[in-house]
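Listing of my_file.pdb, PDB, C-alpha atoms
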```pdb
ATOM      1  CA  MET A   1       4.193 -20.165   3.409
ATOM      2  CA  GLY A   2       2.177 -22.074   0.820
ATOM      3  CA  SER A   3      -0.380 -20.789  -1.639
ATOM      4  CA  LYS A   4      -3.515 -19.814   0.198
ATOM      5  CA  THR A   5      -6.817 -18.640  -1.216
ATOM      6  CA  ILE A   6      -8.755 -15.987   0.669
ATOM      7  CA  ALA A   7     -12.525 -15.613   0.357
ATOM      8  CA  PRO A   8     -13.847 -14.777  -3.126
ATOM      9  CA  PHE A   9     -15.281 -11.387  -3.924
ATOM     10  CA  MET A  10     -18.751 -11.124  -5.391
ATOM     11  CA  SER A  11     -19.133  -9.711  -8.901
ATOM     12  CA  THR A  12     -16.022  -7.867  -9.977
ATOM     13  CA  LYS A  13     -14.195  -7.054 -13.167
ATOM     14  CA  CYS A  14     -10.605  -6.858 -14.323
ATOM     15  CA  HIS A  15      -9.728  -3.833 -16.421
ATOM     16  CA  ALA A  16      -6.655  -5.337 -18.065
ATOM     17  CA  HIS A  17      -7.284  -4.692 -21.743
ATOM     18  CA  THR A  18      -9.705  -1.817 -21.675
ATOM     19  CA  ASP A  19     -10.862   0.118 -24.708
ATOM     20  CA  GLU A  20      -9.157   3.499 -25.130
ATOM     21  CA  THR A  21     -12.582   5.130 -25.108
ATOM     22  CA  ASP A  22     -13.141   3.875 -21.567
ATOM     23  CA  ILE A  23      -9.738   5.131 -20.439
ATOM     24  CA  CYS A  24     -10.396   8.576 -21.916
ATOM     25  CA  ARG A  25     -13.792   8.738 -20.217
ATOM     26  CA  TRP A  26     -12.362   7.603 -16.895
ATOM     27  CA  THR A  27      -9.543  10.126 -17.146
ATOM     28  CA  THR A  28     -12.112  12.885 -17.600
ATOM     29  CA  VAL A  29     -14.188  11.629 -14.667
ATOM     30  CA  GLY A  30     -11.122  11.403 -12.439
ATOM     31  CA  LYS A  31      -9.879  14.850 -13.423
ATOM     32  CA  GLU A  32     -13.261  16.407 -12.695
ATOM     33  CA  ALA A  33     -13.328  14.795  -9.247
ATOM     34  CA  LEU A  34      -9.834  16.052  -8.437
ATOM     35  CA  ASP A  35     -10.704  19.539  -9.667
ATOM     36  CA  ASN A  36     -13.725  19.789  -7.370
ATOM     37  CA  GLU A  37     -12.743  21.957  -4.398
ATOM     38  CA  SER A  38     -15.348  20.315  -2.171
ATOM     39  CA  ASN A  39     -13.935  16.788  -2.599
ATOM     40  CA  GLY A  40     -11.460  15.246  -0.169
ATOM     41  CA  PHE A  41      -8.897  12.545  -0.953
ATOM     42  CA  GLY A  42      -6.716  10.645   1.506
ATOM     43  CA  VAL A  43      -3.236   9.432   0.571
ATOM     44  CA  VAL A  44      -2.218   6.677   3.000
ATOM     45  CA  MET A  45       1.495   5.874   3.048
ATOM     46  CA  MET A  46       1.784   2.485   4.770
ATOM     47  CA  GLY A  47       5.241   2.476   6.314
ATOM     48  CA  GLY A  48       5.103   0.681   9.643
ATOM     49  CA  GLY A  49       7.704  -1.921   8.707
ATOM     50  CA  GLU A  50      11.356  -1.721   9.676
ATOM     51  CA  GLY A  51      14.196  -1.731   7.147
ATOM     52  CA  SER A  52      16.619  -3.746   9.274
ATOM     53  CA  ARG A  53      17.080  -6.467   6.645
ATOM     54  CA  LEU A  54      18.265  -3.760   4.268
ATOM     55  CA  GLY A  55      20.674  -2.188   6.734
ATOM     56  CA  CYS A  56      18.298   0.718   7.370
ATOM     57  CA  LYS A  57      17.751   1.615  11.011
ATOM     58  CA  GLY A  58      14.148   2.611  11.452
ATOM     59  CA  PRO A  59      11.246   2.631   8.980
ATOM     60  CA  LYS A  60      11.767   1.507   5.391
ATOM     61  CA  GLY A  61      10.803   4.981   4.262
ATOM     62  CA  LEU A  62      14.204   6.213   5.450
ATOM     63  CA  PHE A  63      16.060   3.919   3.047
ATOM     64  CA  VAL A  64      18.441   6.149   1.080
ATOM     65  CA  VAL A  65      17.759   6.077  -2.638
ATOM     66  CA  ASP A  66      20.282   8.631  -3.873
ATOM     67  CA  ARG A  67      22.614  10.652  -1.656
ATOM     68  CA  LYS A  68      20.304  12.584   0.678
ATOM     69  CA  THR A  69      17.058  11.346  -0.884
ATOM     70  CA  ASN A  70      15.082   8.563   0.810
ATOM     71  CA  LEU A  71      11.865   6.746  -0.064
ATOM     72  CA  PHE A  72       9.770   9.158   1.992
ATOM     73  CA  ASP A  73      11.248  12.055  -0.006
ATOM     74  CA  VAL A  74      10.327  10.431  -3.318
ATOM     75  CA  HIS A  75       6.709   9.863  -2.325
ATOM     76  CA  MET A  76       6.471  13.373  -0.896
ATOM     77  CA  GLU A  77       7.625  14.831  -4.201
ATOM     78  CA  LYS A  78       4.933  12.861  -6.027
ATOM     79  CA  LEU A  79       2.418  14.175  -3.512
ATOM     80  CA  LYS A  80       3.589  17.736  -4.137
ATOM     81  CA  GLN A  81       3.075  17.268  -7.856
ATOM     82  CA  LEU A  82      -0.443  15.932  -7.265
ATOM     83  CA  LYS A  83      -1.313  18.798  -4.933
ATOM     84  CA  GLY A  84      -0.022  21.311  -7.457
ATOM     85  CA  ARG A  85      -2.318  20.196 -10.248
ATOM     86  CA  VAL A  86      -5.639  19.649  -8.425
ATOM     87  CA  LYS A  87      -8.145  21.804  -6.567
ATOM     88  CA  ALA A  88      -9.525  19.105  -4.264
ATOM     89  CA  LEU A  89      -8.473  18.724  -0.643
ATOM     90  CA  ILE A  90      -5.567  16.270  -0.269
ATOM     91  CA  TYR A  91      -4.909  14.749   3.150
ATOM     92  CA  LEU A  92      -1.798  12.714   3.901
ATOM     93  CA  PHE A  93      -1.749   9.901   6.442
ATOM     94  CA  PHE A  94       1.602   8.417   7.484
ATOM     95  CA  MET A  95       0.907   4.948   8.866
ATOM     96  CA  THR A  96       3.649   3.900  11.250
ATOM     97  CA  SER A  97       4.057   1.452  14.127
ATOM     98  CA  ALA A  98       5.174   1.634  17.734
ATOM     99  CA  PHE A  99       8.568   0.415  16.523
ATOM    100  CA  THR A 100       9.053   3.061  13.819
ATOM    101  CA  ARG A 101       6.930   5.942  15.086
ATOM    102  CA  GLU A 102       9.692   8.034  16.658
ATOM    103  CA  LYS A 103      11.907   8.111  13.574
ATOM    104  CA  THR A 104       8.926   8.704  11.310
ATOM    105  CA  GLU A 105       7.890  11.667  13.449
ATOM    106  CA  ASP A 106      11.475  12.960  13.354
ATOM    107  CA  PHE A 107      11.440  12.783   9.551
ATOM    108  CA  VAL A 108       8.110  14.593   9.284
ATOM    109  CA  LYS A 109       9.204  17.301  11.717
ATOM    110  CA  GLU A 110      12.450  17.910   9.837
ATOM    111  CA  PHE A 111      10.792  17.708   6.413
ATOM    112  CA  PHE A 112       8.118  20.289   7.165
ATOM    113  CA  GLY A 113      10.519  22.361   9.208
ATOM    114  CA  THR A 114      11.804  23.897   5.979
ATOM    115  CA  ARG A 115       8.767  23.429   3.727
ATOM    116  CA  LYS A 116       5.156  24.597   3.627
ATOM    117  CA  VAL A 117       2.717  21.803   4.436
ATOM    118  CA  THR A 118       0.194  23.229   1.986
ATOM    119  CA  ASP A 119       2.617  22.783  -0.911
ATOM    120  CA  TYR A 120       2.254  19.033  -0.365
ATOM    121  CA  CYS A 121      -1.177  18.478   1.132
ATOM    122  CA  THR A 122      -4.085  20.224   2.791
ATOM    123  CA  ASP A 123      -2.947  18.696   6.075
ATOM    124  CA  TYR A 124      -1.379  15.499   7.395
ATOM    125  CA  GLU A 125      -1.587  13.070  10.286
ATOM    126  CA  ILE A 126       0.561  10.290  11.667
ATOM    127  CA  ILE A 127      -1.479   7.204  12.480
ATOM    128  CA  VAL A 128      -0.135   4.212  14.389
ATOM    129  CA  GLN A 129      -1.072   0.622  13.656
ATOM    130  CA  GLY A 130      -1.586  -1.763  16.544
ATOM    131  CA  ASN A 131       0.504  -4.665  17.833
ATOM    132  CA  MET A 132      -0.151  -8.381  18.240
ATOM    133  CA  PRO A 133       1.508 -10.773  20.704
ATOM    134  CA  ILE A 134       4.417 -12.914  19.532
ATOM    135  CA  LEU A 135       3.761 -16.626  20.097
ATOM    136  CA  ASP A 136       5.827 -19.758  20.498
ATOM    137  CA  LEU A 137       5.240 -22.773  18.250
ATOM    138  CA  GLU A 138       2.601 -24.074  20.668
ATOM    139  CA  GLY A 139       0.606 -20.859  20.411
ATOM    140  CA  ASN A 140       1.562 -19.425  23.789
ATOM    141  CA  THR A 141       2.578 -15.795  24.225
ATOM    142  CA  ILE A 142       6.263 -15.134  24.842
ATOM    143  CA  GLY A 143       6.447 -12.691  27.727
ATOM    144  CA  ASP A 144       5.408  -9.195  26.714
ATOM    145  CA  PHE A 145       6.910  -9.434  23.232
ATOM    146  CA  ASN A 146       4.760  -8.161  20.395
ATOM    147  CA  SER A 147       5.089  -6.965  16.816
ATOM    148  CA  PRO A 148       3.149  -4.687  14.415
ATOM    149  CA  ASN A 149      -0.163  -6.170  13.300
ATOM    150  CA  GLY A 150       0.488  -5.919   9.552
ATOM    151  CA  ASN A 151      -0.759  -3.526   6.903
ATOM    152  CA  GLY A 152      -4.285  -4.714   7.648
ATOM    153  CA  GLY A 153      -3.900  -2.821  10.899
ATOM    154  CA  VAL A 154      -4.407   0.413   8.985
ATOM    155  CA  TYR A 155      -8.188   0.569   9.181
ATOM    156  CA  ILE A 156      -8.812   1.222  12.877
ATOM    157  CA  PRO A 157      -6.337   4.114  13.307
ATOM    158  CA  LEU A 158      -7.374   5.540   9.937
ATOM    159  CA  ARG A 159     -11.026   5.640  10.965
ATOM    160  CA  GLU A 160     -10.014   7.329  14.217
ATOM    161  CA  ALA A 161      -7.952  10.001  12.435
ATOM    162  CA  ALA A 162      -9.181  13.596  12.649
ATOM    163  CA  HIS A 163      -9.195  14.054   8.872
ATOM    164  CA  PHE A 164     -10.774  10.708   7.962
ATOM    165  CA  SER A 165     -14.309  12.076   7.638
ATOM    166  CA  LYS A 166     -13.116  14.776   5.230
ATOM    167  CA  CYS A 167     -12.175  12.246   2.532
ATOM    168  CA  GLN A 168     -14.484  10.434   0.119
ATOM    169  CA  TYR A 169     -11.698   8.269  -1.332
ATOM    170  CA  PHE A 170      -8.459   6.839   0.010
ATOM    171  CA  ASN A 171      -5.426   5.500  -1.849
ATOM    172  CA  LEU A 172      -3.406   3.090   0.299
ATOM    173  CA  PHE A 173       0.066   2.063  -0.858
ATOM    174  CA  SER A 174       3.234   0.511   0.492
ATOM    175  CA  VAL A 175       6.128   2.893   1.120
ATOM    176  CA  ASP A 176       8.665   0.335  -0.135
ATOM    177  CA  ASN A 177       7.353   0.583  -3.714
ATOM    178  CA  ILE A 178       9.239   3.593  -5.042
ATOM    179  CA  ALA A 179       7.125   3.625  -8.217
ATOM    180  CA  ALA A 180       3.783   3.710  -6.398
ATOM    181  CA  THR A 181       1.241   6.151  -7.810
ATOM    182  CA  PHE A 182      -1.791   7.586  -6.077
ATOM    183  CA  PHE A 183      -5.028   8.983  -7.444
ATOM    184  CA  GLU A 184      -4.134   8.565 -11.092
ATOM    185  CA  GLU A 185      -6.967  10.206 -12.999
ATOM    186  CA  SER A 186      -7.912   7.180 -15.115
ATOM    187  CA  ILE A 187      -7.888   4.779 -12.148
ATOM    188  CA  LEU A 188      -9.883   7.144  -9.938
ATOM    189  CA  GLY A 189     -12.293   7.706 -12.819
ATOM    190  CA  CYS A 190     -12.743   3.955 -13.233
ATOM    191  CA  MET A 191     -13.415   3.676  -9.494
ATOM    192  CA  ILE A 192     -16.098   6.372  -9.654
ATOM    193  CA  ASP A 193     -17.633   5.289 -12.973
ATOM    194  CA  GLN A 194     -17.914   1.627 -11.979
ATOM    195  CA  LYS A 195     -19.080   2.515  -8.455
ATOM    196  CA  TYR A 196     -16.451   0.331  -6.807
ATOM    197  CA  ASP A 197     -15.847   0.175  -3.080
ATOM    198  CA  VAL A 198     -12.314  -1.047  -3.781
ATOM    199  CA  LEU A 199     -10.145  -0.838  -6.885
ATOM    200  CA  ASN A 200      -6.789  -2.632  -6.837
ATOM    201  CA  GLN A 201      -3.798  -1.931  -9.029
ATOM    202  CA  ALA A 202      -2.266  -5.120 -10.439
ATOM    203  CA  VAL A 203       0.461  -6.198 -12.872
ATOM    204  CA  ASN A 204       1.096  -9.191 -15.102
ATOM    205  CA  PRO A 205       3.338 -11.586 -13.134
ATOM    206  CA  ASN A 206       6.686 -12.517 -14.610
ATOM    207  CA  LYS A 207       7.097 -16.097 -15.760
ATOM    208  CA  GLY A 208       7.539 -18.371 -12.748
ATOM    209  CA  GLU A 209       7.147 -15.488 -10.279
ATOM    210  CA  LYS A 210       5.610 -16.200  -6.875
ATOM    211  CA  VAL A 211       3.343 -13.278  -6.058
ATOM    212  CA  GLY A 212       0.362 -12.199  -4.060
ATOM    213  CA  ALA A 213      -2.343 -12.181  -6.682
ATOM    214  CA  PHE A 214      -5.879 -11.666  -7.864
ATOM    215  CA  THR A 215      -7.635 -14.235 -10.016
ATOM    216  CA  PHE A 216     -11.134 -14.654 -11.382
ATOM    217  CA  ARG A 217     -13.651 -17.494 -11.215
ATOM    218  CA  ASP A 218     -17.276 -17.477 -12.348
ATOM    219  CA  ASP A 219     -17.473 -13.675 -12.450
ATOM    220  CA  GLN A 220     -15.912 -13.556  -8.997
ATOM    221  CA  SER A 221     -12.526 -12.222  -7.982
ATOM    222  CA  VAL A 222     -10.352 -14.192  -5.588
ATOM    223  CA  VAL A 223      -7.332 -13.048  -3.587
ATOM    224  CA  ILE A 224      -4.420 -15.472  -3.453
ATOM    225  CA  GLU A 225      -2.094 -14.672  -0.576
ATOM    226  CA  GLU A 226       0.845 -16.170  -2.460
ATOM    227  CA  TYR A 227       0.490 -17.607  -5.955
ATOM    228  CA  ASP A 228       2.955 -20.318  -6.983
ATOM    229  CA  PRO A 229       2.825 -20.935 -10.765
ATOM    230  CA  SER A 230       4.138 -24.467 -10.281
ATOM    231  CA  SER A 231       1.148 -25.411  -8.122
ATOM    232  CA  GLY A 232      -1.265 -25.548 -11.052
ATOM    233  CA  MET A 233      -4.012 -24.195  -8.791
ATOM    234  CA  VAL A 234      -4.971 -21.478 -11.281
ATOM    235  CA  ASP A 235      -4.261 -20.933 -14.964
ATOM    236  CA  THR A 236      -1.444 -18.374 -15.101
ATOM    237  CA  LYS A 237      -3.265 -16.303 -17.720
ATOM    238  CA  ASP A 238      -6.034 -15.693 -15.182
ATOM    239  CA  VAL A 239      -3.681 -14.277 -12.535
ATOM    240  CA  MET A 240      -2.874 -10.618 -11.889
ATOM    241  CA  GLY A 241      -0.089  -9.702  -9.444
ATOM    242  CA  ASN A 242      -1.110  -7.724  -6.352
ATOM    243  CA  ILE A 243       1.215  -4.704  -5.871
ATOM    244  CA  CYS A 244      -0.333  -3.426  -2.621
ATOM    245  CA  ASN A 245      -1.876  -0.299  -4.094
ATOM    246  CA  HIS A 246      -5.559  -0.042  -3.256
ATOM    247  CA  MET A 247      -8.166   2.669  -3.708
ATOM    248  CA  LEU A 248     -11.106   2.493  -1.294
ATOM    249  CA  THR A 249     -14.121   4.642  -0.546
ATOM    250  CA  GLY A 250     -14.437   6.187   2.873
ATOM    251  CA  GLU A 251     -17.890   4.638   3.220
ATOM    252  CA  PHE A 252     -16.494   1.149   2.707
ATOM    253  CA  ILE A 253     -13.663   1.708   5.195
ATOM    254  CA  LYS A 254     -16.250   2.818   7.771
ATOM    255  CA  SER A 255     -18.212  -0.394   7.205
ATOM    256  CA  ILE A 256     -15.283  -2.842   7.585
ATOM    257  CA  ASP A 257     -15.720  -5.383  10.382
ATOM    258  CA  VAL A 258     -12.101  -5.824  11.452
ATOM    259  CA  SER A 259     -13.054  -8.717  13.739
ATOM    260  CA  LYS A 260     -13.818 -10.803  10.635
ATOM    261  CA  MET A 261     -10.354 -10.322   9.135
ATOM    262  CA  GLU A 262      -8.157 -13.404   9.203
ATOM    263  CA  ILE A 263      -5.110 -13.420  11.471
ATOM    264  CA  HIS A 264      -2.110 -14.706   9.517
ATOM    265  CA  LYS A 265       0.736 -16.452  11.296
ATOM    266  CA  ALA A 266       4.318 -16.777  10.105
ATOM    267  CA  GLU A 267       7.307 -18.491  11.683
ATOM    268  CA  LYS A 268      10.308 -16.219  12.217
ATOM    269  CA  SER A 269      13.686 -16.356  13.909
ATOM    270  CA  PRO A 270      13.593 -15.344  17.590
ATOM    271  CA  LYS A 271      14.555 -11.875  18.746
ATOM    272  CA  GLU A 272      17.021 -10.996  21.464
ATOM    273  CA  GLY A 273      15.616 -12.018  24.830
ATOM    274  CA  MET A 274      13.699 -14.988  23.432
ATOM    275  CA  GLU A 275      16.287 -17.590  24.341
ATOM    276  CA  GLY A 276      14.999 -21.145  24.382
ATOM    277  CA  HIS A 277      12.832 -20.680  21.300
ATOM    278  CA  SER A 278      14.136 -22.008  17.977
ATOM    279  CA  LYS A 279      11.313 -20.260  16.143
ATOM    280  CA  ILE A 280       8.654 -17.706  17.011
ATOM    281  CA  VAL A 281       5.297 -16.936  15.441
ATOM    282  CA  LYS A 282       4.336 -13.419  14.378
ATOM    283  CA  GLN A 283       0.696 -12.545  13.801
ATOM    284  CA  GLU A 284      -0.616  -9.982  11.354
ATOM    285  CA  LEU A 285      -3.568  -8.772   9.326
ATOM    286  CA  PHE A 286      -3.389  -8.143   5.592
ATOM    287  CA  VAL A 287      -4.927  -5.048   4.063
ATOM    288  CA  PHE A 288      -6.904  -7.086   1.515
ATOM    289  CA  ASP A 289      -8.497  -9.445   4.051
ATOM    290  CA  CYS A 290     -11.605  -7.272   4.294
ATOM    291  CA  PHE A 291     -12.247  -6.905   0.571
ATOM    292  CA  ASP A 292     -14.646  -9.863   0.651
ATOM    293  CA  GLN A 293     -16.935  -7.653   2.758
ATOM    294  CA  SER A 294     -17.891  -5.769  -0.416
ATOM    295  CA  ASN A 295     -19.588  -6.848  -3.623
ATOM    296  CA  ARG A 296     -18.047  -3.955  -5.562
ATOM    297  CA  VAL A 297     -14.337  -4.762  -5.960
ATOM    298  CA  GLY A 298     -12.319  -4.285  -9.128
ATOM    299  CA  VAL A 299      -8.813  -4.893 -10.463
ATOM    300  CA  TYR A 300      -7.031  -2.416 -12.744
ATOM    301  CA  CYS A 301      -3.973  -3.633 -14.633
ATOM    302  CA  VAL A 302      -1.030  -1.204 -14.759
ATOM    303  CA  ASP A 303       2.425  -1.326 -16.307
ATOM    304  CA  ARG A 304       4.974  -2.960 -14.019
ATOM    305  CA  GLU A 305       7.926  -0.792 -15.080
ATOM    306  CA  THR A 306       6.146   2.438 -14.190
ATOM    307  CA  HIS A 307       4.121   1.264 -11.183
ATOM    308  CA  PHE A 308       5.895  -1.528  -9.338
ATOM    309  CA  VAL A 309       9.529  -1.419  -8.217
ATOM    310  CA  PRO A 310       9.439  -2.895  -4.688
ATOM    311  CA  LEU A 311      12.221  -2.968  -2.125
ATOM    312  CA  LYS A 312      12.072  -6.297  -0.315
ATOM    313  CA  SER A 313      15.703  -7.469  -0.340
ATOM    314  CA  GLU A 314      19.231  -6.395  -1.279
ATOM    315  CA  ALA A 315      18.595  -7.661  -4.821
ATOM    316  CA  ASP A 316      15.944  -4.954  -5.261
ATOM    317  CA  VAL A 317      18.234  -2.029  -4.435
ATOM    318  CA  LYS A 318      19.791  -1.646  -7.888
ATOM    319  CA  PRO A 319      16.467  -1.760  -9.820
ATOM    320  CA  MET A 320      15.015   0.745  -7.356
ATOM    321  CA  LYS A 321      17.900   3.177  -7.805
ATOM    322  CA  THR A 322      17.774   2.736 -11.578
ATOM    323  CA  TRP A 323      14.073   3.590 -11.579
ATOM    324  CA  PHE A 324      14.764   6.670  -9.485
ATOM    325  CA  LEU A 325      17.517   7.966 -11.763
ATOM    326  CA  ASN A 326      15.369   7.403 -14.856
ATOM    327  CA  SER A 327      12.165   8.797 -13.378
ATOM    328  CA  GLY A 328      13.053  12.478 -13.544
ATOM    329  CA  ILE A 329      10.848  12.934 -10.506
ATOM    330  CA  PHE A 330      13.171  15.570  -9.064
ATOM    331  CA  SER A 331      14.817  18.426 -10.908
ATOM    332  CA  ASN A 332      18.477  18.047 -11.868
ATOM    333  CA  LYS A 333      19.311  20.841  -9.462
ATOM    334  CA  LEU A 334      17.921  18.928  -6.517
ATOM    335  CA  LEU A 335      19.856  15.818  -7.486
ATOM    336  CA  GLU A 336      23.072  17.811  -7.560
ATOM    337  CA  ASP A 337      22.542  19.397  -4.128
TER     338      ASP A 337
END
```
Would you write out, as structure tokens, the structure that this file holds?
Amino acid sequence: MGSKTIAPFMSTKCHAHTDETDICRWTTVGKEALDNESNGFGVVMMGGGEGSRLGCKGPKGLFVVDRKTNLFDVHMEKLKQLKGRVKALIYLFFMTSAFTREKTEDFVKEFFGTRKVTDYCTDYEIIVQGNMPILDLEGNTIGDFNSPNGNGGVYIPLREAAHFSKCQYFNLFSVDNIAATFFEESILGCMIDQKYDVLNQAVNPNKGEKVGAFTFRDDQSVVIEEYDPSSGMVDTKDVMGNICNHMLTGEFIKSIDVSKMEIHKAEKSPKEGMEGHSKIVKQELFVFDCFDQSNRVGVYCVDRETHFVPLKSEADVKPMKTWFLNSGIFSNKLLED
């Protein structure tokens, strides 16, 4: 897939080298919002993808990080810590797909079978993204085969969720980033203070790294689906890596016209039962494809080591496990059990 520019945003700002005074103010604003008992915040764990390439049967969230601890467990512990220090209402939304729903539901049932829901969140829901038909190279459907419609499929089931209307802000993140944070006080405070509809976490790309990215032109922010430094399309110093961690207001999510979101197509190897096809085409929506529907979108630069440790291939397993062991996110006792 080559570098592809999505529609520019209107009037945005990158908070990459912000004055400490701003950060302190934003931290205060964020803390006050989280300490307000009448406020509602939605944590959206996007985990509809399968972990088959990593030898994990079922959703990626079940990938084992350390002995009995999986990615779901790590994010749940972070959620518990958030819930324990705030007074606001915290709602959890597990986004899954038709292909991973059963095992996700099994995890949730077992997890809360021995734990109090209210230690982790006010309440939770499982939402299911939609599917899109699988095509052949000529654009024809292949029987009844379909696949999940991408992380951009989150908006419709989220809006239909029972607890959606109870939340003013939502933090969407990918389950395969073990270091993902949600509702950090300074980032939430920036979102509120700057009156953004969307605020994206981003990191400085490594030298030569191909990444999904944000860049900036004429006081406008532009999403690049995949940025290739060798292309020369954008000066590298003007690029911030997209880590799929997005804070959005509930009002903006309600306003999104999903029909205007681009459908992305990618060639893949055929599945069992698709004999006669050398390649197939999967279709999906990307979560950021609707951001151009707002004129209040920002980018907040975070530290890669503490915020972005993704699990995309076997090469990522060791860094992920190293992060986990160094994070201290669980007590030593739990690690020994």
- So which residues touch range 32-49 of chain A within 7 Å, counting only C-alpha atoms, skipping near sequence neighbours fewer than 3 positions away, as number ranges by chain? A: 28-29, 59-61, 86-97, 100, 151, 166-175
- Query: Counting only C-alpha atoms, what is within 10 Å of Ile329 in chain A, bar same-chain residues fewer than 4 positions away, as a PyMOL selection string?
  - Reply: chain A and resi 74-75+77-78+81+323-325+335
Let's have the selection written as a PDB file, in the coordinates of the input, with C-alpha atoms.
```
ATOM      1  CA  VAL A  74      10.327  10.431  -3.318  1.00  0.00           C
ATOM      2  CA  HIS A  75       6.709   9.863  -2.325  1.00  0.00           C
ATOM      3  CA  GLU A  77       7.625  14.831  -4.201  1.00  0.00           C
ATOM      4  CA  LYS A  78       4.933  12.861  -6.027  1.00  0.00           C
ATOM      5  CA  GLN A  81       3.075  17.268  -7.856  1.00  0.00           C
ATOM      6  CA  TRP A 323      14.073   3.590 -11.579  1.00  0.00           C
ATOM      7  CA  PHE A 324      14.764   6.670  -9.485  1.00  0.00           C
ATOM      8  CA  LEU A 325      17.517   7.966 -11.763  1.00  0.00           C
ATOM      9  CA  LEU A 335      19.856  15.818  -7.486  1.00  0.00           C
TER      10      LEU A 335
END
```
- Around the point (15.4, 5.2, -3.5) in the file's coordinates, collect all residues with an atom within 9 Å, using only C-alpha atoms, and return them as a list in words. Phe63, Val64, Val65, Asp66, Thr69, Asn70, Leu71, Phe72, Asp73, Val74, Asp176, Ile178, Leu311, Val317, Met320, Lys321, Thr322, Trp323, Phe324 and Leu325 of chain A
Residues of range 132-193 of chain A at most 10 Å from range 297-306 of chain A: nearest atom pair and distance in Å, only C-alpha atoms, as a tab-separated table:
```
residue	atom	partner	partner_atom	distance
A:Ile178	CA	A:Thr306	CA	9.7
A:Ala179	CA	A:Thr306	CA	6.2
A:Ala180	CA	A:Thr306	CA	8.2
A:Thr181	CA	A:Thr306	CA	8.9
A:Ser186	CA	A:Tyr300	CA	9.9
A:Ile187	CA	A:Tyr300	CA	7.3
A:Cys190	CA	A:Tyr300	CA	8.6
A:Met191	CA	A:Gly298	CA	8.0
```
Create the file for the chosen residues now, containing C-alpha atoms and written as a PDB file, keeping the file's coordinate frame.
```
ATOM      1  CA  ILE A 178       9.239   3.593  -5.042  1.00  0.00           C
ATOM      2  CA  ALA A 179       7.125   3.625  -8.217  1.00  0.00           C
ATOM      3  CA  ALA A 180       3.783   3.710  -6.398  1.00  0.00           C
ATOM      4  CA  THR A 181       1.241   6.151  -7.810  1.00  0.00           C
ATOM      5  CA  SER A 186      -7.912   7.180 -15.115  1.00  0.00           C
ATOM      6  CA  ILE A 187      -7.888   4.779 -12.148  1.00  0.00           C
ATOM      7  CA  CYS A 190     -12.743   3.955 -13.233  1.00  0.00           C
ATOM      8  CA  MET A 191     -13.415   3.676  -9.494  1.00  0.00           C
TER       9      MET A 191
END
```
- Please measure the separation of CA of Phe288 in chain A and CA of Leu135 in chain A, giving the value in Å to one decimal.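 Separating CA of Phe288 in chain A from CA of Leu135 in chain A is a distance of 23.5 Å.
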- Of the listed residues A:Ile127, A:Ala315, A:Leu199, A:Val309, that which approaches Tyr155 in chain A most closely, counting only C-alpha atoms: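 For Tyr155 in chain A, the nearest of the candidates is A:Ile127.
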- With distances taken over all atoms listed in the file, which of A:Ile280, A:Ser269, A:Leu285, A:Asp193 is nearest to Cys24 in chain A? A:Asp193
- Task: Between CA of Gly250 in chain A and CA of Ala98 in chain A, measure the distance and give it in Å to one decimal.
- Result: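 For CA of Gly250 in chain A relative to CA of Ala98 in chain A, the distance reads 25.0 Å.
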- Item | Å distance separating CA of Ile192 in chain A from CA of Arg159 in chain A, one decimal place | 21.2 Å
- Message: Just checking: using all atoms listed in the file, which residue out of A:Asn204, A:Thr249, A:Asn295, A:Thr122 ends up closest to His163 in chain A?
- Response: A:Thr122
- Pick from A:Ser259, A:Thr21, A:Asn200, A:Gln283 nearest to Pro133 in chain A, counting all atoms listed in the file: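 Closest residue, counting all atoms listed in the file: A:Gln283.
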